[in-house]
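Structure first, commentary second.
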Amino acid sequence: MSVHEVVVPQSINENGGLAGFRGIHRRIWNSVFRKPAIPQNELEHSKAVADNFFLHIHSAKVHDRTLKFRTTLGLGLLSFFMFIILVVTGVLLMFYYVPTPAEAYNRMLDLRGAVFFGDILRNLHRWAAHAMVLLVVLHMVRVFLTGAHKAPREFNWCIGVVLLLLTLFMSFTGYLLPWDQLAYWAIVVGTSIAGYAPVVGKSMQFVLLGDYSVGGEALLRFYVLHCVALPAVLLALVGAHFWRIRKDGGLARPHGNEEGDSSNTKATVSHMQPGEAPSFERFPARAGKTYGLMCVVERSSPATKVEPECQVQSWPAALNRELALFVISLLVLSIFALIFKAPLEDPANPLHPPNPAKAPWYFLGLQELVSYDAFWGGIGIPGILVLLALLAPYLEWRKGGEGVWFHRSRSAANWMFLTIMLTLGILTIIGSLFRGVNWQFTVPW
Amino acid sequence: MRVRLILLIVSLLQAVVAVAVIVHSTDETWRDYQLEYYHQAMGRASSPAVKAAIERSGLEIKQEFLVGFGEETRTDRCRTCHMAIEDPNFADGAEPLRSHPPIPEHPFAEFGCTICHEGNGRALTEDYAHGKDEFWPEPLLRGPYIEAACARCHPEPYLEEMPHIRRGRELFDKYACGGCHTLRLISRGKLGPDLTDVGDRFGIPYLDESIRVPKANMPTSIMPLLQVPEQDRIDLVVFLKSQRGRTLVEDPVTLRVTSKQWKEVTPPEVAVSVEAGKDAVARRSCVACHKLGPLDGGIAPDLSYIGRLRNRDYITVHLTDPRAHNTGSPMPSFWMSQSERDAIASYLGTLTDLTIPLSPADQYKLLCSRCHGAEGKGDGVIAEVLLPRPRQFTNRQYFSWLSKGRAIRAIRDGVPGTAMPPFGALLDSTGQEAIFRYVVSTFLADSLRPPTGIRQVPDSNPQVYTESSVASGAAIFALRCYGCHGRMGNGKGPNAPDMLPRPRDLTSAPFFEPISDKRIFESITFGVVGTGMPPWDFLPETQRWDLVNYVRSLSNTGAAAVRHEGERSARQ
């Protein structure tokens, strides 16, 4: 009995020897992609998006308005890209980090001096974290000013508010990890703000710190929160956030032709034949209409060769834009990380508080408020603001203005929102630049 | 198409930046050093075998893993650049390619480099390896300072090869550092920071600066500005840098036992005799601060004729608790037995050798200028450490208001609670008068005017000294006075450092005991002209008397001390 007879399956044997291995590379390739790697026609474009695990978060087709930069300013996507960059650099940093008071600071010095690409990693992570906080806030501002939080997207807005809080908490927990004076005292200040909450404040602070003061236990807790617990929750909610965008009918869009820009009231499709004026509305009023893979429309389209209602294929239009935005954000961050070093100060010293001891910049508005009144600044006003933010889409129940920047019917809401955000911004600027020793007013120049 | 073009452009830019990042993050100068080493070594090679060996060697990171130094494994990569340290051919080479001077019994493979030189053993670029980056705790030790690292394994008694640290140890005693600072198993001072692990916490520049300009790192430091010559300072810093809490050859248990035993030792008794006292004064390095004959520390009062000014009791109490007579005294309380204090007091009591010059100008120079300054500006050599500060004779406002009687009394009886001694023991009433006249004519150009207007002040306190009166005084004090006098009333409020004369220490019993309620009331009502004390005459009179009672309670002089100023001279 020969070896061949035992090992080689009958079918291959019939074709003669090892000939069956011919074309195995194609079989492997096809098992991975199952489709042509580069889709050639619109059907394949649609399938490429729908059948790919990483791309199927997109619909096969998107409204061309969605892709216009001024519709979203790309802010939500940029926030997500920051998150991806933070995850990648963060995982790499975790390989070098030890969350103990004795080692943490030494590891920062090692990252600077003895780890290849250590300082670049740290710079990227630090600046991406700051950028993410900023971008998430700006994204929130964009969504509100375009009325995109209104029905039927109320709940997605609420998920967004939670994501903002999670982003702040992520950044805050990460702030402690370098264990230098900046980190240590920012967390001391930040957690004592939490301690002002009535009834549960002190217990909350204790649970957060694992001690009555910031020490080894707090470092470990912040580390686990920062590297495991919070990113997991954040990622899950980001998924839900994206999913709800599609389930809520894509990006907010104006009803009918109410969009302010008159050039957009009718579809202008360049390759239409003369005389074939489209008779459909650019934004049909039908609610809840979603599109299947094959772009089936519910009524016959008057114009052949014209996408129904200005839809474009996600592949390549949306994907190209997303990729470009990602590379741009990576480019800007890399340049920033090359030029500006992530700050590092003296090792943490619980006996020598710097004067003034400041929280991270995004909490300096709160710290400024705390300097007037501990409870109202630390708990009262922020609590009310978060509550207001969560309730905003439910309070603003009247329809109209969705998807339009500064819509006239929403000017009262917009001005209220802008006033609050600007006040917070001004307080943050005062707290970060205009406060010196003993929290006295100083000028930065 | 436009989007694709943008994508293409930013991708190319990103590629460029990625290259920049790689170039930025990988400084491989060590390769050049290794090439240079092999190149030079080839030229100096003696035999073909050596040449062949060099031929075979490639460029690589060289590292030593070192264990057994009481900490976790050390990794030294210093020899990646310093290729020639074991190569005798490079004795005249330029750094980094230079032979290490012979150092027996310290093979590099076993000890590495950073155990002696410090720096960052793992780093591969000069800045980081030599610990030049900000906050690296152990930058490279150079020159004499490297002896501080020797002491890690070679503690006292120091080897002969460590001359600087030996001398630094002697200077620590010579400058009486131990009077204020604790150093485990060496000194017990409590006034200044503990120096047991000072070398572990601070670098050379910080230590050097702390001796040179004590206030540089802490504006509230009361450490005297010691006149330390540069060589002494270097040696002291070497010694201090070696103080890391524990050397590598001591085990924690033994150290704990010896420290405990050391703490339990009582100060040695000495014979109560003048000779023993003289010996103790020399041993304790009193002249590190005080002046005694030709020796002068330039920080504390002159002891040359102290026997004429202060009696034995005063000196003994002062040695036991320097703050007993003067709450602002910066003198440390030394660890010494009662017999030693008595012996020192006996010896100081014999220091009466003083020829008083005839002219008031010379008298001023001899007796007054050490504190009040040659020009009467209150800036004598030792003025800086005195609290209260010596009076500034050029302060016209103050002296335009001070009565002559009080000035003469201050000269004659001294000012209790301050460093001003009673010069009545040296000068008779004409002498006192003469020196007063000299001060007025020299520094105030005879412009002393009697105070204008008559101050109406009741002779005695109508507000009975009761708990409620003191409490109401405390409430007013907390509102009006703490900014300068401090919450404790010790004259160290937040505004105090900016004020000269300093706000009065209201807790000083010696100062307030001989002072009448009337004078306290007057100072509160009218302020003290020429000082930062403003008039509080707008407060209701009862409130001012409450404040007087509160000052009484702060200084613990209570109701019993209510006496008229005139009675003081009668009592003495």
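If you're wondering about the labels, chains in the structure tokens are A, B, ... by order shown, residues count from 1 in each chain, ligands from 1 in order shown.
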
inquiry  = Please find the residues of chain B near chain A - the criterion being any atom within 7 Å, counting only C-alpha atoms - and write them as a VMD selection string.
reply    = chain B and resid 3 to 4 6 to 7 10 to 11 14 17 21 25 to 26 122 to 124 128 135 to 136

inquiry  = Give me the residues near A:Phe54 as a ChimeraX atom specification, where near means some atom within 12 Å (using only C-alpha atoms) and where sequence neighbours in that chain fewer than 6 positions away do not count.
reply    = /A:48,239,319

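The interatomic distance for the pair atom CA of B:Lys518 and atom CA of B:Cys371 works out to 29.3 Å.
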
key: Point-to-point distance from atom CA of B:Thr355 to atom CA of B:Leu426, Å rounded to tenths   =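 Going from atom CA of B:Thr355 over to atom CA of B:Leu426, I get 9.9 Å.
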
Test item, helix (DSSP H, G or I) assignment across stretch 309-491 of chain B, answer as number ranges by chain = B: 309, 312-320, 338-349, 360-372, 383-385, 396-401, 404-413, 423-425, 429-443, 467-480, 482-485
